[in-house]
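These notes are about the structure you will find just below.
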Amino acid sequence: NTFFCTQYLRHHSVPFYTPEPDVVHELVGHAPMFANPEFARFSQEIGLASIGATDEQIEQLARCYWFSVEFGICRETPDSDTRKIYGAGILSSYGEIAHAMSSEPEIREWDPRNAAKQPFPITKYQPLYYLASSFDDATIKMRRFANSLDKPFTCRWNDVKEKLFVDRNVQRDERKADDFGEYIGDE
C-alpha cells in the first residue's frame, strides 16, 4: 500500500494548528497510525467503499473519514471510559489535542450513518468527535455502512493475492489512447 504525503510545512507563527494538512500532520498524525494493521484495515474500508460510489456517497464517505481517520478518538479498551486519540488532525495539533481531551466538545459513539450526515468546520477546533470502542468495532460498523450504499458493485482487498476482488463483472467501454491504467482482471 502507498501513502501519499504533502511537502508543505505550517508557518512558525501558528505551530498549534493549520487548516490544511502539512508534513507534521502527515508524519506525526498519519504515518504512525498507518503502521497499525487494525487501523490500516479500517482506513482501507473507507477507500474500498469509494470505488464505484456516487458523488453523494463520496461526500458521505469523506465525512466518515473526517470523523475517524482525521479526528477520531477511541476507548483505551472496549469497556474503558478512558479516551485515546487516533485521528491525524488531532495528533498533529497540540491545541486540538488539549481541546479533544477537554470537556468542551460533544462526544458521540462512532456511527458511520450519523457521521456521514454531519457537517464539520475546517478552520477551528472540532465541536464534535466520534468515539470508537476499538478499531475492529469501527471497521465492522464502517463495512456495514459501506455495504448499505447503493452501488453497482462492491470491492474487497485480498491480502494474500494482493488483488482487488469485485463482486460483479465490471467492464469499461473501451480504452482511450491516453488511458494507461490497469483494468481489474487484466493479467
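Chain labels A, B, ... are given in the sequence in which chains occur in the C-alpha cells; within each chain residues are numbered consecutively from 1, and ligands are likewise numbered from 1 in the order shown.
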List the spatial neighbours of region 62-74 of chain A as a JSON list (two decimals) with all heavy atoms, in the first residue's frame - criterion: any atom at most 8 Å away, only C-alpha atoms, same-chain residues fewer than 2 positions off excluded.
```json
[["chain", "number", "residue", "atom", "x", "y", "z"],
["A", 43, "SER", "N", -9.05, 2.21, 7.67],
["A", 43, "SER", "CA", -8.92, 3.27, 6.66],
["A", 43, "SER", "C", -9.17, 2.72, 5.26],
["A", 43, "SER", "O", -9.83, 3.36, 4.42],
["A", 43, "SER", "CB", -7.54, 3.90, 6.74],
["A", 43, "SER", "OG", -7.39, 4.91, 5.78],
["A", 46, "ILE", "N", -12.82, 2.49, 4.07],
["A", 46, "ILE", "CA", -13.39, 3.72, 3.51],
["A", 46, "ILE", "C", -12.96, 3.88, 2.05],
["A", 46, "ILE", "O", -13.77, 4.20, 1.18],
["A", 46, "ILE", "CB", -13.00, 4.95, 4.35],
["A", 46, "ILE", "CG1", -13.54, 4.80, 5.78],
["A", 46, "ILE", "CG2", -13.53, 6.23, 3.70],
["A", 46, "ILE", "CD1", -13.07, 5.87, 6.75],
["A", 58, "ILE", "N", -19.61, 9.62, -2.03],
["A", 58, "ILE", "CA", -18.23, 10.05, -1.76],
["A", 58, "ILE", "C", -18.23, 11.12, -0.67],
["A", 58, "ILE", "O", -17.39, 11.09, 0.24],
["A", 58, "ILE", "CB", -17.55, 10.59, -3.04],
["A", 58, "ILE", "CG1", -17.34, 9.48, -4.06],
["A", 58, "ILE", "CG2", -16.24, 11.30, -2.71],
["A", 58, "ILE", "CD1", -16.31, 8.44, -3.69],
["A", 59, "GLU", "N", -19.18, 12.03, -0.73],
["A", 59, "GLU", "CA", -19.28, 13.06, 0.32],
["A", 59, "GLU", "C", -19.57, 12.42, 1.67],
["A", 59, "GLU", "O", -19.00, 12.82, 2.69],
["A", 59, "GLU", "CB", -20.36, 14.07, -0.04],
["A", 59, "GLU", "CG", -20.40, 15.26, 0.90],
["A", 59, "GLU", "CD", -21.37, 16.33, 0.46],
["A", 59, "GLU", "OE1", -21.51, 16.57, -0.75],
["A", 59, "GLU", "OE2", -21.99, 16.93, 1.35],
["A", 60, "GLN", "N", -20.44, 11.43, 1.71],
["A", 60, "GLN", "CA", -20.73, 10.73, 2.96],
["A", 60, "GLN", "C", -19.48, 10.02, 3.48],
["A", 60, "GLN", "O", -19.18, 10.07, 4.68],
["A", 60, "GLN", "CB", -21.86, 9.72, 2.75],
["A", 60, "GLN", "CG", -23.19, 10.34, 2.46],
["A", 60, "GLN", "CD", -24.25, 9.30, 2.09],
["A", 60, "GLN", "OE1", -23.94, 8.15, 1.79],
["A", 60, "GLN", "NE2", -25.50, 9.73, 2.12],
["A", 76, "GLU", "N", -9.63, 3.32, 25.34],
["A", 76, "GLU", "CA", -8.37, 2.63, 25.58],
["A", 76, "GLU", "C", -8.56, 1.11, 25.46],
["A", 76, "GLU", "O", -7.75, 0.42, 24.87],
["A", 76, "GLU", "CB", -7.82, 3.00, 26.95],
["A", 76, "GLU", "CG", -6.42, 2.49, 27.17],
["A", 76, "GLU", "CD", -5.76, 3.14, 28.36],
["A", 76, "GLU", "OE1", -6.46, 3.44, 29.35],
["A", 76, "GLU", "OE2", -4.55, 3.34, 28.29],
["A", 83, "ARG", "N", -10.29, 7.74, 27.10],
["A", 83, "ARG", "CA", -10.24, 8.01, 25.65],
["A", 83, "ARG", "C", -8.80, 8.12, 25.18],
["A", 83, "ARG", "O", -7.94, 8.61, 25.89],
["A", 83, "ARG", "CB", -10.97, 9.31, 25.33],
["A", 83, "ARG", "CG", -12.45, 9.25, 25.60],
["A", 83, "ARG", "CD", -13.12, 10.54, 25.26],
["A", 83, "ARG", "NE", -12.79, 11.58, 26.24],
["A", 83, "ARG", "CZ", -13.02, 12.86, 26.09],
["A", 83, "ARG", "NH1", -13.57, 13.31, 24.98],
["A", 83, "ARG", "NH2", -12.72, 13.71, 27.03],
["A", 84, "LYS", "N", -8.58, 7.66, 23.95],
["A", 84, "LYS", "CA", -7.29, 7.81, 23.28],
["A", 84, "LYS", "C", -7.55, 8.48, 21.93],
["A", 84, "LYS", "O", -8.58, 8.26, 21.30],
["A", 84, "LYS", "CB", -6.64, 6.45, 23.05],
["A", 84, "LYS", "CG", -6.18, 5.78, 24.34],
["A", 84, "LYS", "CD", -5.67, 4.38, 24.10],
["A", 84, "LYS", "CE", -4.39, 4.40, 23.32],
["A", 84, "LYS", "NZ", -3.79, 3.06, 23.19],
["A", 85, "ILE", "N", -6.60, 9.25, 21.51],
["A", 85, "ILE", "CA", -6.70, 9.95, 20.23],
["A", 85, "ILE", "C", -6.07, 9.09, 19.14],
["A", 85, "ILE", "O", -5.01, 8.52, 19.35],
["A", 85, "ILE", "CB", -5.97, 11.30, 20.31],
["A", 85, "ILE", "CG1", -6.68, 12.21, 21.31],
["A", 85, "ILE", "CG2", -5.84, 11.94, 18.95],
["A", 85, "ILE", "CD1", -5.86, 13.42, 21.71],
["A", 86, "TYR", "N", -6.72, 9.00, 17.99],
["A", 86, "TYR", "CA", -6.09, 8.34, 16.85],
["A", 86, "TYR", "C", -6.18, 9.16, 15.58],
["A", 86, "TYR", "O", -5.50, 8.88, 14.60],
["A", 86, "TYR", "CB", -6.64, 6.92, 16.65],
["A", 86, "TYR", "CG", -8.05, 6.84, 16.10],
["A", 86, "TYR", "CD1", -8.28, 6.84, 14.73],
["A", 86, "TYR", "CD2", -9.15, 6.72, 16.94],
["A", 86, "TYR", "CE1", -9.57, 6.74, 14.22],
["A", 86, "TYR", "CE2", -10.43, 6.62, 16.45],
["A", 86, "TYR", "CZ", -10.63, 6.63, 15.10],
["A", 86, "TYR", "OH", -11.90, 6.53, 14.59],
["A", 87, "GLY", "N", -7.01, 10.18, 15.52],
["A", 87, "GLY", "CA", -7.15, 10.98, 14.31],
["A", 87, "GLY", "C", -5.95, 11.88, 14.07],
["A", 87, "GLY", "O", -5.47, 12.56, 14.98],
["A", 88, "ALA", "N", -5.45, 11.88, 12.84],
["A", 88, "ALA", "CA", -4.26, 12.64, 12.50],
["A", 88, "ALA", "C", -4.43, 14.15, 12.67],
["A", 88, "ALA", "O", -3.48, 14.85, 13.01],
["A", 88, "ALA", "CB", -3.83, 12.34, 11.06],
["A", 89, "GLY", "N", -5.65, 14.64, 12.46],
["A", 89, "GLY", "CA", -5.91, 16.07, 12.65],
["A", 89, "GLY", "C", -5.77, 16.49, 14.10],
["A", 89, "GLY", "O", -5.45, 17.63, 14.41],
["A", 90, "ILE", "N", -6.00, 15.55, 15.01],
["A", 90, "ILE", "CA", -5.83, 15.82, 16.44],
["A", 90, "ILE", "C", -4.36, 15.61, 16.81],
["A", 90, "ILE", "O", -3.74, 16.46, 17.44],
["A", 90, "ILE", "CB", -6.72, 14.91, 17.32],
["A", 90, "ILE", "CG1", -8.18, 14.99, 16.90],
["A", 90, "ILE", "CG2", -6.58, 15.31, 18.78],
["A", 90, "ILE", "CD1", -9.08, 13.97, 17.58],
["A", 112, "PRO", "N", -21.11, 5.40, 11.64],
["A", 112, "PRO", "CA", -20.87, 5.95, 10.30],
["A", 112, "PRO", "C", -22.12, 6.54, 9.64],
["A", 112, "PRO", "O", -22.03, 7.52, 8.92],
["A", 112, "PRO", "CB", -20.37, 4.75, 9.50],
["A", 112, "PRO", "CG", -19.90, 3.78, 10.51],
["A", 112, "PRO", "CD", -20.70, 4.01, 11.75],
["A", 115, "ALA", "N", -22.28, 9.95, 11.23],
["A", 115, "ALA", "CA", -21.13, 10.75, 10.81],
["A", 115, "ALA", "C", -21.24, 11.17, 9.34],
["A", 115, "ALA", "O", -20.82, 12.28, 8.97],
["A", 115, "ALA", "CB", -19.83, 9.99, 11.05],
["A", 116, "ALA", "N", -21.80, 10.30, 8.51],
["A", 116, "ALA", "CA", -21.92, 10.59, 7.07],
["A", 116, "ALA", "C", -22.81, 11.79, 6.77],
["A", 116, "ALA", "O", -22.72, 12.37, 5.69],
["A", 116, "ALA", "CB", -22.48, 9.35, 6.35],
["A", 117, "LYS", "N", -23.64, 12.18, 7.72],
["A", 117, "LYS", "CA", -24.56, 13.31, 7.53],
["A", 117, "LYS", "C", -24.11, 14.56, 8.27],
["A", 117, "LYS", "O", -24.74, 15.61, 8.15],
["A", 117, "LYS", "CB", -25.96, 12.92, 8.04],
["A", 117, "LYS", "CG", -26.56, 11.73, 7.35],
["A", 117, "LYS", "CD", -27.84, 11.31, 8.04],
["A", 117, "LYS", "CE", -28.32, 9.97, 7.54],
["A", 117, "LYS", "NZ", -29.38, 9.42, 8.36],
["A", 118, "GLN", "N", -23.05, 14.45, 9.06],
["A", 118, "GLN", "CA", -22.66, 15.51, 9.98],
["A", 118, "GLN", "C", -21.72, 16.53, 9.32],
["A", 118, "GLN", "O", -20.63, 16.18, 8.90],
["A", 118, "GLN", "CB", -21.96, 14.88, 11.19],
["A", 118, "GLN", "CG", -21.60, 15.84, 12.27],
["A", 118, "GLN", "CD", -22.83, 16.46, 12.91],
["A", 118, "GLN", "OE1", -23.79, 15.79, 13.22],
["A", 118, "GLN", "NE2", -22.78, 17.76, 13.09],
["A", 119, "PRO", "N", -22.12, 17.80, 9.24],
["A", 119, "PRO", "CA", -21.18, 18.81, 8.74],
["A", 119, "PRO", "C", -20.08, 19.07, 9.77],
["A", 119, "PRO", "O", -20.22, 18.70, 10.94],
["A", 119, "PRO", "CB", -22.06, 20.05, 8.56],
["A", 119, "PRO", "CG", -23.24, 19.83, 9.43],
["A", 119, "PRO", "CD", -23.42, 18.35, 9.59],
["A", 129, "TYR", "N", -16.66, 15.05, 18.27],
["A", 129, "TYR", "CA", -15.80, 13.91, 17.94],
["A", 129, "TYR", "C", -16.61, 12.64, 18.10],
["A", 129, "TYR", "O", -17.52, 12.57, 18.92],
["A", 129, "TYR", "CB", -14.59, 13.83, 18.88],
["A", 129, "TYR", "CG", -13.70, 15.04, 18.84],
["A", 129, "TYR", "CD1", -13.84, 16.05, 19.78],
["A", 129, "TYR", "CD2", -12.71, 15.17, 17.87],
["A", 129, "TYR", "CE1", -13.02, 17.16, 19.75],
["A", 129, "TYR", "CE2", -11.89, 16.29, 17.84],
["A", 129, "TYR", "CZ", -12.05, 17.28, 18.79],
["A", 129, "TYR", "OH", -11.24, 18.38, 18.75],
["A", 130, "TYR", "N", -16.26, 11.62, 17.30],
["A", 130, "TYR", "CA", -16.88, 10.31, 17.42],
["A", 130, "TYR", "C", -15.91, 9.37, 18.13],
["A", 130, "TYR", "O", -14.73, 9.34, 17.82],
["A", 130, "TYR", "CB", -17.26, 9.76, 16.05],
["A", 130, "TYR", "CG", -18.50, 10.41, 15.49],
["A", 130, "TYR", "CD1", -18.41, 11.57, 14.73],
["A", 130, "TYR", "CD2", -19.75, 9.88, 15.74],
["A", 130, "TYR", "CE1", -19.55, 12.19, 14.22],
["A", 130, "TYR", "CE2", -20.90, 10.49, 15.23],
["A", 130, "TYR", "CZ", -20.78, 11.64, 14.48],
["A", 130, "TYR", "OH", -21.90, 12.23, 13.98],
["A", 131, "LEU", "N", -16.44, 8.60, 19.06],
["A", 131, "LEU", "CA", -15.67, 7.71, 19.92],
["A", 131, "LEU", "C", -15.91, 6.26, 19.50],
["A", 131, "LEU", "O", -17.04, 5.75, 19.61],
["A", 131, "LEU", "CB", -16.09, 7.92, 21.38],
["A", 131, "LEU", "CG", -15.45, 7.03, 22.43],
["A", 131, "LEU", "CD1", -13.97, 7.35, 22.59],
["A", 131, "LEU", "CD2", -16.18, 7.22, 23.76],
["A", 132, "ALA", "N", -14.86, 5.59, 19.03],
["A", 132, "ALA", "CA", -14.95, 4.17, 18.66],
["A", 132, "ALA", "C", -14.56, 3.32, 19.86],
["A", 132, "ALA", "O", -13.67, 3.70, 20.63],
["A", 132, "ALA", "CB", -14.02, 3.88, 17.48],
["A", 133, "SER", "N", -15.21, 2.16, 20.02],
["A", 133, "SER", "CA", -14.83, 1.29, 21.13],
["A", 133, "SER", "C", -13.52, 0.57, 20.82],
["A", 133, "SER", "O", -12.76, 0.25, 21.72],
["A", 133, "SER", "CB", -15.94, 0.30, 21.46],
["A", 133, "SER", "OG", -16.18, -0.54, 20.38],
["A", 134, "SER", "N", -13.23, 0.32, 19.53],
["A", 134, "SER", "CA", -11.98, -0.29, 19.08],
["A", 134, "SER", "C", -11.90, -0.12, 17.56],
["A", 134, "SER", "O", -12.91, 0.18, 16.92],
["A", 134, "SER", "CB", -11.92, -1.78, 19.44],
["A", 134, "SER", "OG", -12.88, -2.50, 18.67],
["A", 135, "PHE", "N", -10.72, -0.34, 17.00],
["A", 135, "PHE", "CA", -10.60, -0.26, 15.53],
["A", 135, "PHE", "C", -11.38, -1.38, 14.87],
["A", 135, "PHE", "O", -11.99, -1.18, 13.83],
["A", 135, "PHE", "CB", -9.13, -0.32, 15.09],
["A", 135, "PHE", "CG", -8.35, 0.90, 15.45],
["A", 135, "PHE", "CD1", -7.03, 0.79, 15.86],
["A", 135, "PHE", "CD2", -8.89, 2.17, 15.37],
["A", 135, "PHE", "CE1", -6.29, 1.91, 16.19],
["A", 135, "PHE", "CE2", -8.17, 3.30, 15.71],
["A", 135, "PHE", "CZ", -6.86, 3.17, 16.12]]
```
* DSSP alpha helix (DSSP H) residues within region 4-180 of chain A, listed as a ChimeraX atom specification -> /A:23-24,31-34,37-50,55-65,88-91,94-100,112-115,135-148
* What lies within 12 Å of Ala40 (chain A) using only C-alpha atoms, ignoring chain neighbours under 4 positions off, as a list of chain:residue names? -> A:Asn1, A:Thr2, A:Phe3, A:His30, A:Ala31, A:Pro32, A:Met33, A:Phe34, A:Ala35, A:Asn36, A:Gln44, A:Glu45, A:Ile46, A:Gly47, A:Ser68, A:Val69, A:Tyr86, A:Phe135, A:Asp136, A:Ala138, A:Thr139
* Within 9 Å of Ala146 (chain A), counting only C-alpha atoms, which residues show up once you throw out same-chain ones fewer than 4 positions away? Write them as a count of residues only, please. => 11
* **Residue with smallest distance to Pro21 (chain A) - pool A:Arg144, A:Tyr8, A:Ala100, A:Ile51, counting only C-alpha atoms** =>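 The closest residue to Pro21 (chain A) is A:Tyr8.
Here the question is which of A:Arg143, A:Gln57, A:Arg108, A:Ser92 gets nearest to Leu9 (chain A) using only C-alpha atoms, and that residue is A:Ser92.
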* Asked: Which one of A:Asp22, A:Asp159, A:Glu106, A:Asp55 sits closest to Pro127 (chain A) if you count only C-alpha atoms?
  ->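 Nearest candidate to Pro127 (chain A) out of A:Asp22, A:Asp159, A:Glu106, A:Asp55: A:Glu106.
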* Of the residues A:Lys161, A:Phe145, A:Ile140, A:Leu128, which is the one nearest to Arg113 (chain A), using only C-alpha atoms? ->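 Among the listed residues, A:Phe145 lies closest to Arg113 (chain A).
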* Asked: Which residue, A:Gly52, A:Pro37, A:Gly29, A:Gly95, has the smallest gap to Asp167 (chain A) when you use only C-alpha atoms?
  ->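 Closest residue, counting only C-alpha atoms: A:Gly52.
Using only C-alpha atoms, the nearest neighbour of Asp137 (chain A) within the list A:Ser93, A:Thr77, A:Ser103, A:Asn114 is A:Thr77.
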* Asked: Per DSSP on the backbone, what are the strand (DSSP E or B) residues of chain A, as a list in words?
  ->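 Matching residues for strand (DSSP E or B) in chain A are Ile73, Cys74, Arg75, Arg83, Lys84, Ile85, Glu106, Ile107, Arg108, Glu109, Leu128, Tyr129, Tyr130, Leu131, Ala132, Cys155, Arg156, Trp157, Asn158, Lys163, Leu164, Phe165 and Val166 of chain A.
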* To do: Could you tell me how far CA of Arg168 (chain A) lies from CA of Pro152 (chain A), in Å and to one decimal?
  => 8.2 Å
